[in-house]
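Shown below: entry-v9.txt, with compact mmCIF, C-alpha atoms and all ligand atoms.
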# COMPACT_ATOMS: atom_id res chain seq x y z
CA MET A 1 129.22 0.68 105.24
CA ASP A 2 125.65 -0.41 104.50
CA ALA A 3 124.17 3.09 104.89
CA PRO A 4 122.81 4.45 101.62
CA PHE A 5 125.42 6.56 99.91
CA CYS A 6 124.78 9.04 97.14
CA ASP A 7 127.08 9.10 94.11
CA ARG A 8 130.84 9.65 94.70
CA GLU A 9 131.55 6.87 92.23
CA LYS A 10 134.15 8.82 90.31
CA GLU A 11 135.77 10.05 93.53
CA LEU A 12 135.86 6.51 94.89
CA ALA A 13 137.48 5.20 91.69
CA ASP A 14 139.99 8.09 91.56
CA LEU A 15 141.01 7.69 95.17
CA VAL A 16 141.32 3.91 94.97
CA SER A 17 143.50 4.28 91.94
CA TYR A 18 145.74 6.89 93.61
CA ALA A 19 146.08 4.62 96.62
CA LYS A 20 146.98 1.65 94.44
CA SER A 21 149.72 3.64 92.75
CA ASN A 22 151.12 4.54 96.18
CA ALA A 23 150.34 8.24 95.70
CA ASN A 24 149.86 10.62 98.61
CA VAL A 25 146.65 12.64 98.53
CA VAL A 26 145.30 15.67 100.39
CA LEU A 27 141.53 15.17 100.54
CA PHE A 28 139.76 18.36 101.52
CA SER A 29 136.33 19.99 101.61
CA PRO A 30 134.14 21.77 104.15
CA ARG A 31 133.08 19.65 107.09
CA ARG A 32 130.46 16.95 106.63
CA TYR A 33 130.85 16.68 102.88
CA GLY A 34 131.62 13.00 103.33
CA LYS A 35 135.43 12.82 103.43
CA THR A 36 135.55 10.37 106.31
CA SER A 37 132.76 8.17 104.92
CA LEU A 38 134.37 8.20 101.49
CA THR A 39 137.79 7.32 102.93
CA LYS A 40 136.23 4.39 104.79
CA ARG A 41 134.76 3.23 101.49
CA VAL A 42 138.09 3.63 99.73
CA GLN A 43 139.75 1.56 102.46
CA HIS A 44 136.98 -1.04 102.37
CA ASN A 45 137.59 -1.44 98.65
CA LEU A 46 141.38 -1.62 99.05
CA LYS A 47 141.05 -4.10 101.88
CA SER A 48 138.96 -6.42 99.74
CA HIS A 49 141.91 -6.51 97.33
CA GLY A 50 144.36 -7.43 100.06
CA THR A 51 145.69 -4.02 101.09
CA LEU A 52 146.38 -3.40 104.76
CA THR A 53 144.51 -0.20 105.62
CA ALA A 54 145.09 1.94 108.71
CA TYR A 55 142.89 4.84 109.75
CA CYS A 56 144.37 7.38 112.14
CA ASP A 57 142.13 10.17 113.42
CA LEU A 58 144.15 13.13 114.68
CA PHE A 59 141.20 15.14 115.91
CA GLY A 60 141.97 16.92 119.19
CA VAL A 61 145.63 15.86 119.53
CA THR A 62 147.46 18.01 122.06
CA SER A 63 151.06 16.80 121.91
CA VAL A 64 153.64 15.22 119.62
CA GLU A 65 153.64 12.14 121.79
CA GLU A 66 149.91 11.81 121.35
CA ILE A 67 150.27 11.98 117.56
CA ALA A 68 152.83 9.17 117.75
CA GLY A 69 150.52 7.20 120.04
CA ARG A 70 147.60 7.50 117.64
CA ILE A 71 149.76 6.30 114.76
CA ALA A 72 150.94 3.28 116.78
CA LYS A 73 147.38 2.59 117.87
CA SER A 74 146.08 2.62 114.30
CA ILE A 75 148.62 -0.04 113.35
CA TYR A 76 147.81 -2.24 116.35
CA ALA A 77 144.10 -1.84 115.64
CA ILE A 78 144.30 -3.22 112.09
CA THR A 79 146.69 -6.04 112.85
CA GLN A 80 145.12 -7.12 116.11
CA LYS A 81 142.86 -9.76 114.50
CA ASN A 82 145.72 -11.42 112.65
CA LYS A 83 148.10 -13.17 115.01
CA GLY A 84 151.13 -13.11 112.73
CA LEU A 85 150.72 -9.46 111.79
CA PHE A 86 149.98 -8.41 115.35
CA GLN A 87 153.17 -10.09 116.54
CA LYS A 88 155.07 -8.27 113.81
CA ALA A 89 153.57 -4.96 114.88
CA ILE A 90 154.55 -5.65 118.49
CA ASN A 91 158.10 -6.57 117.45
CA PHE A 92 158.59 -3.49 115.32
CA ILE A 93 156.74 -0.80 117.22
CA THR A 94 158.98 -0.41 120.20
CA SER A 95 157.76 3.03 121.29
CA PHE A 96 154.27 1.93 122.37
CA ARG A 97 152.85 -1.28 123.77
CA PRO A 98 149.32 -2.32 122.86
CA VAL A 99 146.72 -2.63 125.61
CA LEU A 100 143.75 -4.80 124.73
CA SER A 101 140.47 -4.52 126.56
CA PRO A 102 136.85 -5.55 125.95
CA GLY A 103 135.18 -2.98 123.68
CA PRO A 104 131.66 -1.58 124.07
CA ASP A 105 130.35 -3.63 121.11
CA GLY A 106 131.57 -6.95 122.50
CA GLY A 107 134.76 -6.83 120.40
CA ILE A 108 138.23 -5.94 121.56
CA SER A 109 139.43 -2.38 121.71
CA VAL A 110 143.06 -1.37 121.44
CA SER A 111 144.79 1.43 123.24
CA VAL A 112 148.49 2.09 123.69
CA GLN A 113 150.93 2.76 126.48
CA THR A 114 154.32 4.46 126.07
CA ALA A 115 157.14 2.00 126.36
CA PHE A 116 159.69 4.55 127.54
CA LYS A 117 159.81 8.18 128.61
CA THR A 118 161.67 10.64 126.45
CA ASP A 119 160.72 13.77 124.54
CA GLY A 120 157.81 13.75 122.12
CA ILE A 121 159.81 14.32 118.94
CA LYS A 122 162.05 11.32 119.74
CA ILE A 123 159.00 9.15 120.34
CA LEU A 124 157.48 10.27 117.04
CA GLU A 125 160.71 9.58 115.22
CA GLU A 126 160.97 6.14 116.78
CA THR A 127 157.35 5.40 115.89
CA MET A 128 157.74 6.49 112.26
CA SER A 129 160.93 4.53 111.96
CA SER A 130 159.13 1.44 113.33
CA LEU A 131 156.33 2.04 110.86
CA GLU A 132 158.83 2.11 108.03
CA LYS A 133 160.32 -1.23 109.09
CA PHE A 134 156.89 -2.73 109.60
CA VAL A 135 155.67 -1.67 106.13
CA ASP A 136 158.87 -3.02 104.54
CA ASP A 137 158.45 -6.30 106.30
CA VAL A 138 154.74 -7.12 105.88
CA ASN A 139 154.95 -7.64 102.15
CA LEU A 140 151.46 -6.25 101.59
CA ASP A 141 150.24 -3.03 100.03
CA VAL A 142 149.60 -0.54 102.81
CA HIS A 143 147.32 2.48 102.92
CA ILE A 144 147.31 4.94 105.79
CA ALA A 145 144.70 7.67 106.24
CA PHE A 146 145.31 10.61 108.56
CA ASP A 147 141.96 12.22 109.28
CA GLU A 148 141.81 15.86 110.47
CA PHE A 149 145.49 16.06 109.61
CA GLN A 150 145.63 19.86 110.09
CA GLU A 151 145.38 19.21 113.84
CA ILE A 152 149.13 18.53 113.87
CA THR A 153 149.60 22.30 113.63
CA GLU A 154 148.00 22.70 117.06
CA VAL A 155 150.68 20.89 119.08
CA PRO A 156 153.77 22.52 120.58
CA ASN A 157 156.71 22.10 118.18
CA SER A 158 154.39 21.50 115.24
CA ILE A 159 157.06 22.41 112.69
CA GLY A 160 159.38 19.78 114.17
CA THR A 161 156.48 17.33 113.95
CA GLU A 162 155.86 18.18 110.30
CA GLY A 163 159.57 17.68 109.61
CA ILE A 164 159.70 14.19 111.11
CA LEU A 165 156.44 13.07 109.52
CA ARG A 166 157.50 14.33 106.11
CA GLN A 167 160.92 12.71 106.34
CA TYR A 168 159.43 9.25 106.92
CA ILE A 169 156.37 9.59 104.73
CA GLN A 170 158.71 10.24 101.84
CA LYS A 171 160.54 6.98 102.51
CA ILE A 172 157.73 4.65 103.50
CA GLN A 173 156.49 2.58 100.58
CA CYS A 174 152.78 3.09 100.87
CA SER A 175 149.98 5.54 100.09
CA PHE A 176 149.03 8.20 102.61
CA PHE A 177 145.84 10.26 102.63
CA PHE A 178 145.80 13.55 104.52
CA ILE A 179 142.21 14.51 105.18
CA GLY A 180 140.78 17.66 106.66
CA SER A 181 138.04 20.27 106.82
CA ARG A 182 140.02 23.29 108.01
CA ARG A 183 141.06 23.96 104.46
CA ARG A 184 143.24 27.04 104.85
CA ILE A 185 145.30 25.40 107.58
CA LEU A 186 145.50 22.02 105.83
CA LEU A 187 146.43 23.41 102.43
CA ASP A 188 149.02 25.76 103.89
CA ILE A 189 150.90 22.69 105.17
CA PHE A 190 151.25 21.43 101.60
CA ASN A 191 151.37 24.61 99.55
CA ASP A 192 153.77 26.74 101.53
CA ARG A 193 157.28 26.59 100.11
CA LYS A 194 158.88 26.91 103.51
CA ARG A 195 157.08 23.95 105.05
CA PRO A 196 158.36 20.36 105.06
CA PHE A 197 155.28 18.95 103.26
CA PHE A 198 155.51 21.42 100.37
CA GLN A 199 154.11 19.77 97.21
CA SER A 200 154.40 16.29 98.63
CA ALA A 201 150.84 15.19 97.82
CA LEU A 202 148.11 15.58 95.21
CA ASN A 203 145.36 18.01 96.13
CA TYR A 204 141.90 16.44 95.80
CA GLU A 205 138.85 18.53 96.58
CA LEU A 206 135.53 16.93 97.41
CA GLN A 207 132.68 18.97 95.91
CA PRO A 208 129.04 19.16 96.98
CA LEU A 209 126.86 16.40 95.48
CA PRO A 210 125.92 16.83 91.81
CA TYR A 211 122.33 18.08 91.46
CA ASN A 212 121.02 15.18 89.37
CA ASP A 213 122.43 12.47 91.61
CA LEU A 214 121.13 14.20 94.69
CA ILE A 215 117.59 14.48 93.28
CA CYS A 216 117.54 10.82 92.17
CA PHE A 217 118.90 9.73 95.53
CA ILE A 218 116.22 11.63 97.49
CA ILE A 219 113.39 10.38 95.30
CA SER A 220 114.58 6.78 95.48
CA GLN A 221 115.08 6.87 99.25
CA PHE A 222 111.46 7.95 99.73
CA LYS A 223 110.28 5.37 97.24
CA LYS A 224 112.07 2.60 99.11
CA ALA A 225 110.12 3.57 102.22
CA GLU A 226 106.89 3.63 100.20
CA LYS A 227 106.56 7.38 100.48
CA ARG A 228 106.64 9.97 97.72
CA ILE A 229 108.42 13.21 96.95
CA SER A 230 108.07 15.03 93.63
CA GLU A 231 111.08 16.14 91.63
CA GLU A 232 110.10 19.76 92.24
CA LYS A 233 110.11 19.31 96.04
CA ALA A 234 113.40 17.42 95.93
CA SER A 235 114.78 20.31 93.91
CA ARG A 236 113.64 22.74 96.58
CA ILE A 237 115.55 20.74 99.19
CA SER A 238 118.63 20.80 96.98
CA GLN A 239 118.40 24.61 96.93
CA LEU A 240 117.91 24.98 100.67
CA ILE A 241 120.88 22.79 101.53
CA SER A 242 123.09 23.76 98.55
CA ASN A 243 123.63 20.06 97.70
CA HIS A 244 125.36 19.47 101.00
CA PRO A 245 125.57 15.69 101.66
CA TYR A 246 125.07 15.73 105.42
CA TYR A 247 122.23 18.24 105.36
CA MET A 248 120.54 16.28 102.61
CA GLN A 249 120.51 13.22 104.87
CA LYS A 250 119.37 15.21 107.84
CA PHE A 251 116.65 17.10 105.97
CA CYS A 252 115.29 13.91 104.44
CA PHE A 253 115.41 12.06 107.74
CA PHE A 254 113.29 14.68 109.51
CA LEU A 255 110.99 15.01 106.53
CA TYR A 256 110.50 11.29 106.28
CA GLU A 257 109.59 11.09 109.99
CA GLU A 258 107.13 13.93 109.59
CA ILE A 259 105.07 12.95 106.58
CA ASP A 260 102.48 10.33 106.01
CA LYS A 261 102.69 9.57 102.31
CA GLU A 262 103.45 12.52 100.07
CA VAL A 263 105.72 15.51 100.77
CA THR A 264 103.99 18.90 100.48
CA GLN A 265 105.39 22.41 100.17
CA LYS A 266 104.29 23.07 103.74
CA ASP A 267 106.33 20.09 105.00
CA ILE A 268 109.44 21.46 103.30
CA VAL A 269 109.02 24.87 104.93
CA ALA A 270 108.45 23.29 108.34
CA ILE A 271 111.38 20.91 108.09
CA ASN A 272 113.69 23.71 107.00
CA GLN A 273 113.00 25.33 110.37
CA VAL A 274 113.51 22.02 112.18
CA VAL A 275 116.90 21.50 110.52
CA MET A 276 118.03 25.01 111.47
CA GLU A 277 116.81 24.52 115.01
CA SER A 278 118.63 21.19 115.29
CA GLU A 279 121.92 23.00 114.60
CA ARG A 280 121.20 26.06 116.73
CA ILE A 281 123.42 25.12 119.67
CA VAL A 282 126.37 24.48 117.36
CA PHE A 283 125.82 27.78 115.58
CA GLU A 284 125.48 29.71 118.82
CA SER A 285 128.71 28.29 120.11
CA ILE A 286 130.47 29.29 116.88
CA LEU A 287 129.25 32.86 117.39
CA GLN A 288 130.44 32.81 120.99
CA GLY A 289 133.97 32.33 119.70
CA LEU A 290 133.76 35.41 117.46
CA THR A 291 134.01 39.17 118.06
CA ILE A 292 131.09 41.50 117.32
CA LYS A 293 132.94 42.80 114.24
CA GLN A 294 133.42 39.28 112.90
CA ILE A 295 129.77 38.44 113.48
CA THR A 296 128.67 41.62 111.69
CA LEU A 297 130.79 40.71 108.68
CA LEU A 298 129.63 37.10 108.72
CA SER A 299 125.99 38.20 108.75
CA ALA A 300 126.60 40.65 105.91
CA LEU A 301 128.17 37.90 103.79
CA SER A 302 125.28 35.56 104.54
CA ILE A 303 122.74 38.13 103.37
CA GLU A 304 124.77 39.39 100.45
CA PRO A 305 127.80 37.44 99.23
CA THR A 306 130.16 39.85 97.52
CA ALA A 307 133.49 40.30 95.77
CA LYS A 308 133.58 43.88 97.00
CA VAL A 309 133.64 43.82 100.80
CA TYR A 310 135.77 46.97 100.78
CA SER A 311 133.43 49.04 98.62
CA ALA A 312 132.15 52.09 100.45
CA SER A 313 128.52 51.16 99.84
CA TYR A 314 128.89 47.59 101.19
CA MET A 315 130.84 48.80 104.22
CA SER A 316 128.29 51.43 105.13
CA GLN A 317 125.22 49.32 104.37
CA TYR A 318 126.38 46.63 106.81
CA ASN A 319 128.19 48.87 109.30
CA LEU A 320 131.50 47.12 108.83
CA GLY A 321 133.81 49.74 110.33
CA SER A 322 137.40 50.24 109.17
CA THR A 323 139.12 48.39 106.31
CA GLY A 324 141.85 47.24 108.72
CA GLY A 325 139.21 45.70 110.95
CA ILE A 326 137.52 44.01 108.00
CA GLN A 327 140.81 42.55 106.86
CA GLN A 328 141.43 41.01 110.27
CA SER A 329 137.92 39.63 110.45
CA LEU A 330 138.15 38.13 106.96
CA ASP A 331 141.39 36.43 107.90
CA CYS A 332 140.01 35.00 111.10
CA LEU A 333 136.73 33.84 109.53
CA SER A 334 138.50 32.11 106.67
CA LYS A 335 141.04 30.45 108.98
CA LYS A 336 138.08 29.06 110.90
CA ASP A 337 136.69 27.96 107.56
CA LEU A 338 133.45 29.85 108.14
CA ILE A 339 133.77 31.85 104.92
CA GLU A 340 135.48 31.17 101.62
CA LYS A 341 136.44 33.09 98.53
CA ASN A 342 135.67 31.85 95.05
CA TYR A 343 138.96 32.01 93.18
CA GLU A 344 137.40 32.83 89.82
CA THR A 345 134.84 35.44 90.84
CA GLY A 346 136.40 36.67 94.07
CA VAL A 347 132.98 36.41 95.72
CA ARG A 348 133.08 35.65 99.44
CA THR A 349 130.37 33.42 100.90
CA VAL A 350 129.46 31.65 104.12
CA VAL A 351 130.62 28.02 103.80
CA ASP A 352 127.87 26.15 105.67
CA PRO A 353 124.52 26.56 103.89
CA ILE A 354 122.35 26.02 106.97
CA PHE A 355 124.50 28.33 109.06
CA LYS A 356 124.02 30.88 106.30
CA ASN A 357 120.22 30.46 106.33
CA TRP A 358 120.21 30.67 110.11
CA LEU A 359 122.29 33.87 110.13
CA ILE A 360 119.88 35.45 107.65
CA LYS A 361 116.94 34.43 109.81
CA MET A 362 118.63 35.85 112.92
CA SER A 363 119.33 39.18 111.31
CA MET A 364 115.72 39.72 110.24
N1 LIG A 401 127.57 10.71 99.48
C1 LIG A 401 126.80 10.70 100.57
N2 LIG A 401 125.56 10.15 100.54
C2 LIG A 401 124.79 10.14 101.62
N3 LIG A 401 125.14 10.66 102.81
C3 LIG A 401 126.35 11.22 102.92
C4 LIG A 401 127.25 11.27 101.81
N4 LIG A 401 128.38 11.89 102.21
C5 LIG A 401 128.20 12.21 103.50
N5 LIG A 401 126.99 11.82 103.92
C6 LIG A 401 126.44 12.02 105.26
O1 LIG A 401 127.14 13.06 105.90
C7 LIG A 401 127.64 12.61 107.17
C8 LIG A 401 128.97 13.27 107.43
O2 LIG A 401 129.95 12.72 106.57
P1 LIG A 401 131.48 12.62 106.99
O3 LIG A 401 132.07 11.56 106.14
O4 LIG A 401 131.62 12.50 108.45
O5 LIG A 401 131.97 14.06 106.51
P2 LIG A 401 133.39 14.77 106.70
O6 LIG A 401 134.38 13.74 107.08
O7 LIG A 401 133.66 15.40 105.37
O8 LIG A 401 133.19 15.82 107.75
C9 LIG A 401 127.69 11.10 107.05
O9 LIG A 401 127.50 10.50 108.29
C10 LIG A 401 126.54 10.80 106.13
O10 LIG A 401 125.34 10.74 106.88
MG MG A 402 135.51 13.66 108.81
structure tokens encoding of this file:
Amino acid sequence: MDAPFCDREKELADLVSYAKSNANVVLFSPRRYGKTSLTKRVQHNLKSHGTLTAYCDLFGVTSVEEIAGRIAKSIYAITQKNKGLFQKAINFITSFRPVLSPGPDGGISVSVQTAFKTDGIKILEETMSSLEKFVDDVNLDVHIAFDEFQEITEVPNSIGTEGILRQYIQKIQCSFFFIGSRRRILLDIFNDRKRPFFQSALNYELQPLPYNDLICFIISQFKKAEKRISEEKASRISQLISNHPYYMQKFCFFLYEEIDKEVTQKDIVAINQVVMESERIVFESILQGLTIKQITLLSALSIEPTAKVYSASYMSQYNLGSTGGIQQSLDCLSKKDLIEKNYETGVRTVVDPIFKNWLIKMSM
């Protein structure tokens, strides 16, 4: 929580206020825009005003039972330090027992063990029902964040899972945040009429950092370390990373390590290469999961974002093949959140700015 954090004051205030009014929020943006860090800050703020805050990361869940287990675990984890609350959690949550063991940082870490064997949906239902009773009983405001919430669509019987979760979330008197980076998949859960979560939460999109705040932040971070970067150079970084929060940190970290006192143009060029190189393995593994056709289209969109992928000139210039093939590739690339379409202009672009720069470099 002590790490320097750029801006997000309005977002923090908005989200705290939604949480306080017991609203449910879908918080979405491309990966590494700061959703998780911001949520931790929101919860830190709520906690300091007496709210009980649970954080449940659903990344990589493979079964309904595991989803239930992670929910139970998040409740044990926050109550574990308070004897009375922990006892309450144990009394109410009958589906999972807590297992305490020494953590790596000298503290205590909590895991859970199923209390009985039955099918996953029943366990989830039991867990949500326990959560409802627990929240009713504690007499505190409660806030629960589900990070990487779209992962629930990956488990067998995901529609059944959505149904149970929605049924209880509607009843439980607290605020839920549903956070995720796979935007198409996440938003479909909430915006598809036929799905249980349809219109059950406010959509809140996290944007890239505002230019002015980003520039001030970079300049002040260098100043604090008794180094210097001019506004012009900071502006160049902003361009290269498209105001992306994580890449700003990464770029500045490498740059700061590299320079002696004052940042030069040459340093910026060199560090741009270093940043791309540092992500190379990730980018290569993304490409390994794509077909040649998808890669061709992705490269075309990195070189030339367009609203007219299907125009004859664009298709022939980038060797895109048939319109049917393009359609399939577009669908797959946007499901993977690698490309996005601007709703006003219709222009399609590559989401990750460094991935985009790297693709351009690779195609030269
Ligand atoms: N507002 C910010 N100011 C400074 N650094 C940030 C900011 N937002 C995100 N970051 C950096 O980006 C990293 C990734 O953020 P994270 O919260 O994990 O993103 P997400 O959950 O959206 O994928 C953080 O560890 C932090 O270094
Ligand atoms: Mg995250």
Item to complete: Would you list the contacts of A:Asp7 as a list in words, taking every protein, DNA or RNA residue within 8 Å and counting all atoms listed in the file, but skipping same-chain residues closer than 4 positions in sequence?
Response: Leu209, Asp213 and Leu214 of chain A
Discussion item. Can you work out which residues are within 8 Å of ligand LIG 401 (chain A), considering all atoms listed in the file, and then hand them over as a list in words?
Written reply: Ala3, Pro4, Phe5, Cys6, Asp7, Arg8, Phe28, Ser29, Pro30, Arg31, Arg32, Tyr33, Gly34, Lys35, Thr36, Ser37, Leu38, Thr39, Gly180, Ser181, Leu209, Pro245, Tyr246, Tyr247, Met248, Gln249 and Lys250 of chain A
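Residue nearest A:Ile241, chosen from A:Lys308, A:Lys47, A:Lys361, A:Lys356 and counting all atoms listed in the file: A:Lys356.
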Item to complete: Show which residues sit within 12 Å of A:Asp137, as number ranges by chain. Count all atoms listed in the file, and ignore same-chain residues fewer than 4 positions away.
Response: A: 84-85, 88-89, 91-92, 130-133, 141-142, 172-173
Worksheet item: Which value, in Å to one decimal, gives the distance between atom CA of A:Val309 and atom CA of A:Val347?
Response: 9.0 Å
Fill in: Residue nearest ligand MG 402 (chain A) - candidates A:Ala54, A:Ala145, A:Ile159, A:Ile229, atoms counted: all atoms listed in the file
A:Ala145
Practice prompt. In Å, rounded to a single decimal, give me how far atom CA of A:Thr79 is from atom CA of A:Pro102.
Written response: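 One can read the atom CA of A:Pro102 to atom CA of A:Thr79 distance as 16.4 Å.
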Worksheet item: For the point (132.2, 40.5, 95.8) in file coordinates, what residues are within 9 Å, counting all atoms listed in the file? Give the answer as a ChimeraX atom specification?
Response: /A:304-310,341,345-349
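Atom pair atom CA of A:Asn203 / atom CA of A:Asn24 has a distance of 9.0 Å (rounded to one decimal).
Among the candidates A:Leu186, A:Val138, A:Ile169, A:Ile121, the one nearest to A:Pro156 when counting all atoms listed in the file is A:Ile121.
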Discussion item. Which residue is closest to ligand MG 402 (chain A)? Choose from A:Glu9, A:Glu340, A:Asp136, A:Asp147 and count all atoms listed in the file.
Written reply: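 Smallest separation from ligand MG 402 (chain A) among the options: A:Asp147.
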Item to complete: Using all atoms listed in the file, collect all residues at a distance of at most 9 Å from (138.9, 1.5, 97.3) as written in the file, then present them as a PyMOL selection string.
Response: chain A and resi 12-17+19-20+39-49
